>>> print(open('structure_37.txt').read())   # compact mmCIF, C-alpha atoms
# COMPACT_ATOMS: atom_id res chain seq x y z
CA MET A 28 86.85 155.95 163.60
CA ASN A 29 87.88 158.31 160.84
CA SER A 30 91.43 158.59 159.61
CA PRO A 31 93.16 161.51 161.34
CA ARG A 32 93.65 163.19 157.98
CA GLY A 33 90.65 162.00 156.01
CA PRO A 34 87.31 163.82 155.65
CA LEU A 35 84.35 162.91 157.81
CA GLN A 36 82.26 160.29 156.04
CA PRO A 37 78.91 159.22 157.59
CA SER A 38 78.10 155.63 156.82
CA SER A 39 74.80 156.56 155.19
CA ILE A 40 76.31 158.71 152.42
CA LEU A 41 75.28 157.52 149.00
CA ARG A 42 77.38 157.71 145.88
CA LEU A 43 76.70 160.86 143.90
CA PRO A 44 75.26 159.92 140.51
CA HIS A 45 76.93 161.22 137.39
CA LEU A 46 75.74 164.81 137.26
CA ASP A 47 74.83 164.62 133.61
CA ARG A 48 71.87 162.48 134.78
CA ARG A 49 70.90 164.67 137.86
CA ARG A 50 68.46 162.65 138.97
CA PHE A 51 65.18 164.81 172.62
CA LEU A 52 61.58 163.77 171.02
CA THR A 53 59.06 163.07 168.35
CA THR A 54 55.56 161.70 167.84
CA SER A 55 57.45 158.44 167.41
CA ALA A 56 60.55 158.53 169.61
CA LEU A 57 61.90 155.39 167.99
CA GLY A 58 61.40 156.79 164.49
CA LEU A 59 63.19 160.03 165.20
CA ALA A 60 66.02 158.26 166.98
CA ALA A 61 66.56 156.36 163.74
CA VAL A 62 66.39 159.55 161.66
CA ALA A 63 68.76 161.41 163.97
CA GLY A 64 71.19 158.53 164.01
CA GLY A 65 71.33 157.65 167.71
CA PRO A 66 69.32 156.80 170.81
CA ALA A 67 67.85 159.57 172.90
CA MET A 68 67.22 157.43 175.94
CA GLY A 69 68.97 154.71 177.89
CA GLN A 70 72.29 156.50 177.92
CA ASP A 71 74.72 155.89 180.80
CA LYS A 72 73.98 158.68 183.27
CA SER A 73 77.48 158.35 184.70
CA THR A 74 78.99 159.55 181.42
CA PRO A 75 79.86 163.24 181.61
CA THR A 76 78.01 165.64 179.34
CA SER A 77 79.09 169.00 178.03
CA GLU A 78 76.68 170.60 180.52
CA THR A 79 78.09 168.80 183.57
CA LEU A 80 81.62 169.61 182.44
CA ALA A 81 80.66 173.26 181.87
CA ALA A 82 79.23 173.40 185.40
CA GLN A 83 82.50 171.95 186.65
CA LEU A 84 84.43 174.62 184.76
CA HIS A 85 82.17 177.33 186.18
CA GLY A 86 82.78 176.09 189.73
CA SER A 87 86.55 176.06 189.23
CA LEU A 88 86.83 179.72 188.23
CA ASP A 89 88.44 182.24 190.55
CA GLU A 90 87.17 185.79 190.88
CA ALA A 91 89.55 187.23 188.27
CA GLN A 92 88.52 184.59 185.74
CA ARG A 93 84.83 185.17 186.44
CA LYS A 94 85.20 188.86 185.62
CA VAL A 95 86.42 187.89 182.14
CA LEU A 96 84.28 184.84 181.35
CA CYS A 97 80.97 185.08 183.24
CA PHE A 98 77.89 187.06 182.15
CA ASP A 99 74.23 187.36 183.03
CA PHE A 100 72.03 184.90 181.18
CA SER A 101 70.15 187.84 179.65
CA ASP A 102 73.29 189.40 178.17
CA PRO A 103 72.75 189.88 174.38
CA LEU A 104 76.25 188.51 173.75
CA ARG A 105 74.81 185.05 174.44
CA ASP A 106 72.78 185.12 171.21
CA LYS A 107 75.58 186.26 168.93
CA VAL A 108 77.03 184.03 166.21
CA ASP A 109 79.88 184.67 163.78
CA ASN A 110 82.32 182.82 161.56
CA ASN A 111 85.59 183.98 163.15
CA TRP A 112 85.54 185.63 166.56
CA MET A 113 86.65 185.48 170.17
CA ILE A 114 83.62 185.92 172.39
CA THR A 115 85.62 187.49 175.26
CA ARG A 116 88.53 188.64 173.06
CA ARG A 117 90.74 186.44 175.24
CA SER A 118 91.85 182.91 174.37
CA ILE A 119 91.42 180.13 176.91
CA ARG A 120 95.21 179.94 177.06
CA ASP A 121 95.28 183.54 178.27
CA VAL A 122 92.60 183.09 180.94
CA LEU A 123 92.42 179.47 182.13
CA ARG A 124 94.79 177.11 183.91
CA ALA A 125 95.95 173.97 182.08
CA ASP A 126 93.39 171.76 183.87
CA GLN A 127 90.60 174.20 182.97
CA GLN A 128 91.74 174.29 179.36
CA ASP A 129 91.46 170.50 179.34
CA LEU A 130 87.88 170.82 180.60
CA VAL A 131 87.09 173.09 177.62
CA ARG A 132 88.55 170.48 175.28
CA GLN A 133 86.32 167.83 176.86
CA ILE A 134 83.24 170.07 176.62
CA PHE A 135 83.89 170.63 172.92
CA ARG A 136 84.46 166.94 172.22
CA HIS A 137 81.27 165.94 174.07
CA LEU A 138 79.23 168.32 171.89
CA HIS A 139 79.90 165.86 169.04
CA ARG A 140 79.34 162.17 168.52
CA PRO A 141 82.38 160.18 169.72
CA GLU A 142 83.20 158.90 166.25
CA HIS A 143 83.43 162.47 164.92
CA ALA A 144 85.11 164.23 167.85
CA ASP A 145 88.63 163.75 166.47
CA ASP A 146 87.67 165.31 163.13
CA MET A 147 86.02 168.25 164.88
CA MET A 148 89.13 168.82 166.97
CA ARG A 149 91.32 168.55 163.87
CA GLN A 150 89.28 171.27 162.18
CA MET A 151 89.72 173.57 165.16
CA VAL A 152 93.49 173.06 165.19
CA GLU A 153 93.93 173.37 161.42
CA ASP A 154 91.87 176.57 161.31
CA SER A 155 93.55 178.16 164.33
CA GLU A 156 96.23 179.81 162.15
CA GLY A 157 99.02 178.19 164.14
CA LYS A 158 97.61 179.02 167.57
CA GLY A 159 96.37 175.53 168.40
CA PHE A 160 93.09 174.78 170.15
CA GLU A 161 94.00 176.62 173.34
CA GLY A 162 95.23 179.73 171.55
CA GLY A 163 92.45 179.83 168.98
CA THR A 164 89.36 179.45 171.15
CA SER A 165 87.50 181.71 173.55
CA VAL A 166 84.66 180.80 175.93
CA ALA A 167 81.95 182.55 177.91
CA LEU A 168 79.51 181.27 180.53
CA PHE A 169 76.07 182.81 180.95
CA GLY A 170 73.95 182.46 184.09
CA GLU A 171 74.43 179.93 186.89
CA PRO A 172 74.50 176.11 186.72
CA GLY A 173 71.51 174.44 188.35
CA THR A 174 69.17 177.39 187.93
CA GLY A 175 67.67 176.43 184.57
CA LYS A 176 69.37 179.47 183.07
CA PHE A 177 72.90 178.48 182.12
CA GLU A 178 74.74 178.32 178.79
CA PHE A 179 78.32 177.75 177.71
CA VAL A 180 79.51 179.24 174.39
CA LEU A 181 82.78 178.42 172.62
CA THR A 182 84.04 180.43 169.64
CA GLY A 183 87.03 180.66 167.33
CA ARG A 184 87.82 180.59 163.65
CA HIS A 185 85.05 178.68 161.89
CA CYS A 186 83.30 177.97 165.17
CA THR A 187 80.39 179.04 167.35
CA ARG A 188 79.21 176.12 169.52
CA ARG A 189 76.91 176.01 172.55
CA CYS A 190 75.61 173.78 175.30
CA ASP A 191 72.62 174.84 177.35
CA GLY A 192 70.99 171.79 178.95
CA ASP A 193 67.64 172.96 177.53
CA SER A 194 67.87 176.32 179.27
CA VAL A 195 66.95 177.96 175.96
CA ALA A 196 63.43 176.70 175.28
CA GLY A 197 62.58 175.86 171.68
CA ALA A 198 66.07 176.44 170.25
CA ALA A 199 68.17 173.68 168.73
CA PHE A 200 71.76 173.72 170.01
CA GLY A 201 70.74 176.44 172.49
CA GLY A 202 70.83 179.07 169.71
CA PRO A 203 72.47 179.68 166.33
CA ILE A 204 75.74 177.89 165.63
CA PHE A 205 78.46 178.14 163.02
CA TYR A 206 80.90 175.55 161.71
CA GLY A 207 83.34 175.47 158.80
CA HIS A 208 86.72 174.30 157.59
CA GLN A 209 89.54 175.49 155.34
CA SER A 210 91.28 172.27 154.44
CA GLY A 211 94.14 173.66 152.36
CA PRO A 212 96.74 176.39 152.63
CA LYS A 213 95.03 178.60 150.06
CA ASP A 214 91.84 180.55 150.69
CA GLU A 215 90.01 178.98 147.72
CA GLU A 216 89.79 175.21 147.80
CA PRO A 217 89.65 173.11 144.62
CA ALA A 218 86.19 172.23 143.39
CA ASN A 219 86.28 168.80 145.07
CA HIS A 220 87.36 170.29 148.44
CA PRO A 221 89.92 167.57 149.30
CA GLY A 222 90.29 166.94 153.02
CA ASN A 223 87.41 169.20 154.02
CA ILE A 224 85.54 167.38 156.78
CA PHE A 225 82.23 169.06 155.93
CA TRP A 226 82.24 168.74 152.13
CA TYR A 227 80.31 165.47 152.41
CA GLN A 228 77.29 167.61 153.36
CA ALA A 229 77.25 169.38 150.00
CA LYS A 230 77.61 166.05 148.22
CA ARG A 231 74.60 164.71 150.08
CA VAL A 232 72.46 167.76 149.32
CA ASN A 233 73.52 167.53 145.67
CA GLU A 234 72.04 164.02 145.64
CA VAL A 235 68.65 165.63 146.21
CA PHE A 236 69.22 167.81 143.15
CA ALA A 237 70.19 164.70 141.17
CA ALA A 238 66.87 163.09 142.13
CA MET A 239 64.80 166.03 140.80
CA ASP A 240 63.20 166.29 137.38
CA GLY A 241 63.88 169.23 135.07
CA ARG A 242 61.04 171.40 136.35
CA GLN A 243 62.04 170.88 139.96
CA ARG A 244 65.68 171.71 139.23
CA SER A 245 64.69 174.92 137.53
CA ALA A 246 62.70 175.91 140.61
CA ALA A 247 65.51 174.92 142.98
CA LEU A 248 68.29 176.78 141.13
CA VAL A 249 68.65 180.43 142.09
CA ASP A 250 70.25 182.59 139.40
CA GLY A 251 72.11 184.91 141.73
CA HIS A 252 74.32 185.04 144.77
CA SER A 253 73.54 183.81 148.25
CA ARG A 254 72.97 185.93 151.35
CA PRO A 255 75.87 188.05 152.66
CA GLU A 256 77.59 186.92 155.82
CA ARG A 257 76.94 189.52 158.51
CA ALA A 258 77.38 187.82 161.87
CA SER A 259 74.04 187.21 163.63
CA GLU A 260 72.10 188.94 160.84
CA THR A 261 73.10 186.04 158.56
CA VAL A 262 70.79 183.71 160.45
CA ARG A 263 67.87 186.06 161.04
CA LEU A 264 64.73 183.95 160.63
CA SER A 265 62.08 185.14 158.17
CA GLY A 266 58.96 183.66 159.76
CA GLN A 267 57.71 183.19 156.20
CA LYS A 268 56.28 180.09 154.51
CA LYS A 269 56.09 181.67 151.06
CA GLY A 270 58.46 183.65 148.90
CA LEU A 271 61.63 181.93 150.12
CA PRO A 272 64.41 181.11 147.62
CA GLY A 273 64.35 177.76 145.83
CA ILE A 274 61.82 174.98 145.63
CA ARG A 275 59.17 174.34 148.29
CA LEU A 276 59.53 170.77 149.55
CA GLY A 277 55.79 170.33 149.09
CA GLU A 278 56.52 170.33 145.34
CA LEU A 279 58.65 167.20 145.73
CA SER A 280 57.28 163.68 145.74
CA ARG A 281 57.04 161.71 148.98
CA ASP A 282 60.17 159.67 148.22
CA GLN A 283 62.08 162.86 147.39
CA ARG A 284 61.00 164.40 150.71
CA ASP A 285 62.10 161.23 152.48
CA LEU A 286 65.48 161.63 150.82
CA VAL A 287 65.68 165.21 152.14
CA ARG A 288 64.97 163.91 155.64
CA LYS A 289 67.73 161.32 155.32
CA VAL A 290 70.11 163.98 154.04
CA MET A 291 69.28 166.26 156.95
CA SER A 292 70.01 163.43 159.37
CA ASP A 293 73.44 163.14 157.74
CA LEU A 294 74.02 166.88 158.15
CA LEU A 295 73.44 166.33 161.86
CA GLN A 296 75.76 163.33 162.13
CA PRO A 297 78.74 165.22 163.65
CA PHE A 298 76.67 166.51 166.57
CA ARG A 299 75.65 164.66 169.72
CA ALA A 300 72.42 162.68 169.46
CA VAL A 301 70.40 164.86 171.84
CA ASP A 302 71.02 167.94 169.68
CA ALA A 303 70.35 166.04 166.46
CA GLN A 304 67.03 164.73 167.77
CA GLU A 305 65.88 168.12 169.01
CA SER A 306 66.88 169.70 165.69
CA MET A 307 64.78 167.26 163.68
CA ARG A 308 61.81 167.71 165.99
CA LEU A 309 61.97 171.48 165.56
CA VAL A 310 62.51 171.17 161.80
CA GLU A 311 59.34 169.09 161.57
CA SER A 312 57.48 171.69 163.64
CA GLN A 313 57.93 174.14 160.73
CA GLY A 314 55.73 172.00 158.53
CA PHE A 315 58.25 170.00 156.51
CA GLU A 316 56.53 170.69 153.21
CA ASP A 317 56.93 174.45 153.77
CA LEU A 318 60.72 174.25 153.85
CA HIS A 319 62.52 175.56 150.76
CA LEU A 320 65.70 174.13 149.23
CA ALA A 321 67.86 176.44 147.10
CA TYR A 322 71.08 175.99 145.13
CA PHE A 323 72.99 179.10 144.05
CA LYS A 324 73.96 178.91 140.40
CA GLN A 325 76.53 181.70 140.34
CA GLN A 326 78.73 180.18 143.06
CA ASP A 327 79.79 176.91 141.44
CA LEU A 328 83.52 176.31 141.95
CA GLY A 329 85.05 174.73 138.87
CA GLY A 330 81.79 175.03 136.92
CA ASP A 331 81.21 171.32 137.50
CA GLY A 332 77.51 171.46 138.33
CA VAL A 333 78.10 170.28 141.88
CA TRP A 334 76.49 173.16 143.73
CA ASP A 335 78.87 174.49 146.38
CA VAL A 336 76.39 176.91 147.96
CA TRP A 337 72.89 175.91 149.11
CA GLN A 338 70.40 176.47 151.88
CA ILE A 339 67.36 174.89 153.50
CA GLU A 340 65.07 177.55 154.90
CA GLY A 341 61.72 177.58 156.66
CA PRO A 342 59.74 180.01 158.79
CA GLN A 343 61.87 179.33 161.88
CA MET A 344 64.97 177.62 160.52
CA LEU A 345 67.97 178.17 158.29
CA TRP A 346 70.74 175.79 157.28
CA TYR A 347 73.00 177.86 155.03
CA PHE A 348 76.07 176.18 153.52
CA ARG A 349 78.59 178.30 151.64
CA GLY A 350 81.24 176.05 150.08
CA GLU A 351 82.98 178.84 148.18
CA PRO A 352 85.88 179.59 148.60
CA HIS A 353 85.94 177.09 151.50
CA VAL A 354 83.21 175.80 153.82
CA HIS A 355 81.18 178.13 156.03
CA CYS A 356 77.91 176.85 157.50
CA TRP A 357 75.32 178.75 159.53
CA VAL A 358 72.54 176.93 161.40
CA HIS A 359 69.58 178.39 163.28
CA ILE A 360 66.56 176.24 164.18
CA ARG A 361 63.71 177.23 166.49
CA ASP A 362 60.31 175.95 167.47
CA ALA A 363 57.70 177.32 165.06
CA ARG A 364 55.39 177.91 168.04
CA ALA A 365 57.94 179.97 170.00
>>> encode(input="structure_37.txt", output="structure tokens")
Amino acid sequence: MNSPRGPLQPSSILRLPHLDRRRFLTTSALGLAAVAGGPAMGQDKSTPTSETLAAQLHGSLDEAQRKVLCFDFSDPLRDKVDNNWMITRRSIRDVLRADQQDLVRQIFRHLHRPEHADDMMRQMVEDSEGKGFEGGTSVALFGEPGTGKFEFVLTGRHCTRRCDGDSVAGAAFGGPIFYGHQSGPKDEEPANHPGNIFWYQAKRVNEVFAAMDGRQRSAALVDGHSRPERASETVRLSGQKKGLPGIRLGELSRDQRDLVRKVMSDLLQPFRAVDAQESMRLVESQGFEDLHLAYFKQQDLGGDGVWDVWQIEGPQMLWYFRGEPHVHCWVHIRDARA
């Protein structure tokens, strides 16, 4: 288990070379389970899931609480994502009893792999601006458990998380999510982002840049700024295979593409295995070679050549990481056939 104060460090992270040298389901269920980092099948059915806990929360609500927290499944609020918001404008402390607040904590923890749940909770508390988990989070429930149309959404500072039990067909995580972390007291973190639990992701993606040759790096580097952050518009999917920023993965060698796959599995390490596996399946449905990887040259904290801002984009996916001034990450992955 991670140190309570140390950054999240997946076991598969490689050492970053000196930068002067820059160098759930699949066609093979076993292969994807390995890529995603955990088994999809054979899990103890007696273990609670976020969905079963969310159904329990739904059943515990009184009429006054339902008026604040419950919405139709078709409500457009269900699809919204943002970097700092309260989905009902009321914290769980304001609306829920202590036992119900504990259920929300459990739901959130179960959305992540057990070995990362403490780090995810630490991020929520540290980013709550002194309000704690209960004062800094807000939840909404859409639809009815057991109908095939039910989703739980939790939001706060640097957080939009979901569980849907596959109610949302062809959407990883049940829809777009957001995660982030400000690990220090100042808005702008140092270039090495000490203590940031998500900085390892940028280090991993920079290893791909290090493995590229000069021509590939030139294609991958974007001489400009990244997309603006505008709530749900940030993760609007292009549907395009051509004309996206950065280098098309089809221009990389097979071993370089395999490295990208391994890196993407590390990006998914904090999240529960079922979501990681579905994400990789839907990523592959894009046509992996049509994905584009971009690094944004003008947003390099410290000018150290470790690119703080990058994205992986395809016709029906976006993984956008903005590590300047601290970490914001937007993720939206859908089935290319949807």
>>> atom_distance(input="structure_37.txt", atom1="CA of Gly277 in chain A", atom2="CA of Leu248 in chain A")
16.2 Å
>>> axis_aligned_box(input="structure_37.txt", around="range 148-158 of chain A", padding_each_side="5 Å", output="JSON")
{"center_x": 94.1, "center_y": 174.2, "center_z": 164.4, "size_x": 19.9, "size_y": 21.3, "size_z": 16.3}
>>> atom_distance(input="structure_37.txt", atom1="CA of Leu271 in chain A", atom2="CA of Ile224 in chain A")
28.8 Å
>>> residues_near_point(input="structure_37.txt", point="(101.6, 173.6, 177.1)", cutoff="10 Å", atoms="all atoms listed in the file", output="ChimeraX atom specification")
/A:120,125,161
>>> closest_residue(input="structure_37.txt", among="A:Thr76, A:Gln326, A:Asn110, A:Gln313", to="Gly341 in chain A", atoms="all atoms listed in the file")
A:Gln313
>>> closest_residue(input="structure_37.txt", among="A:Ala218, A:Ile134, A:Val122, A:Val95", to="Pro352 in chain A", atoms="all atoms listed in the file")
A:Ala218
>>> atom_distance(input="structure_37.txt", atom1="CA of Arg231 in chain A", atom2="CA of Lys107 in chain A")
28.6 Å
>>> residues_near_point(input="structure_37.txt", point="(66.2, 177.5, 168.3)", cutoff="10 Å", atoms="only C-alpha atoms", output="PyMOL selection string")
chain A and resi 195-204+305-306+309-310+343-344+358-363+365
>>> closest_residue(input="structure_37.txt", among="A:Phe205, A:Phe298, A:Phe225, A:Phe177", to="Arg136 in chain A", atoms="all atoms listed in the file")
A:Phe298
>>> closest_residue(input="structure_37.txt", among="A:Phe236, A:Gln128, A:Lys269, A:Arg364", to="Gly159 in chain A", atoms="all atoms listed in the file")
A:Gln128
>>> residues_around(input="structure_37.txt", residues="Ser194 in chain A", least_positions_apart="3", cutoff="10 Å", atoms="only C-alpha atoms", output="list in words")
Phe100, Gly170, Pro172, Gly173, Thr174, Gly175, Lys176, Phe177, Glu178, Cys190, Asp191, Gly197, Ala198 and Gly201 of chain A
>>> residues_around(input="structure_37.txt", residues="Val249 in chain A", least_positions_apart="4", cutoff="9 Å", atoms="all atoms listed in the file", output="CSV table (one decimal) with C-alpha atoms, in the frame of the given file")
chain,number,residue,atom,x,y,z
A,245,SER,CA,64.7,174.9,137.5
A,253,SER,CA,73.5,183.8,148.2
A,272,PRO,CA,64.4,181.1,147.6
A,273,GLY,CA,64.4,177.8,145.8
A,321,ALA,CA,67.9,176.4,147.1
A,322,TYR,CA,71.1,176.0,145.1
A,323,PHE,CA,73.0,179.1,144.0
A,324,LYS,CA,74.0,178.9,140.4
A,325,GLN,CA,76.5,181.7,140.3
>>> closest_residue(input="structure_37.txt", among="A:Ala82, A:Leu318, A:Ala246, A:Leu295", to="Pro342 in chain A", atoms="only C-alpha atoms")
A:Leu318
>>> residues_around(input="structure_37.txt", residues="Gln92 in chain A", least_positions_apart="4", cutoff="9 Å", atoms="all atoms listed in the file", output="PyMOL selection string")
chain A and resi 88+96-97+122-123
>>> residues_around(input="structure_37.txt", residues="Ser259 in chain A", least_positions_apart="2", cutoff="6 Å", atoms="all atoms listed in the file", output="PDB file with C-alpha atoms, in the frame of the given file")
ATOM      1  CA  LYS A 107      75.580 186.260 168.930  1.00  0.00           C
ATOM      2  CA  VAL A 108      77.030 184.030 166.210  1.00  0.00           C
ATOM      3  CA  THR A 261      73.100 186.040 158.560  1.00  0.00           C
ATOM      4  CA  VAL A 262      70.790 183.710 160.450  1.00  0.00           C
TER       5      VAL A 262
END
>>> residues_around(input="structure_37.txt", residues="Thr164 in chain A", least_positions_apart="6", cutoff="7 Å", atoms="only C-alpha atoms", output="PyMOL selection string")
chain A and resi 113+118-119+181-183
>>> closest_residue(input="structure_37.txt", among="A:Ala300, A:Leu130, A:Val333, A:Leu328", to="His143 in chain A", atoms="only C-alpha atoms")
A:Ala300
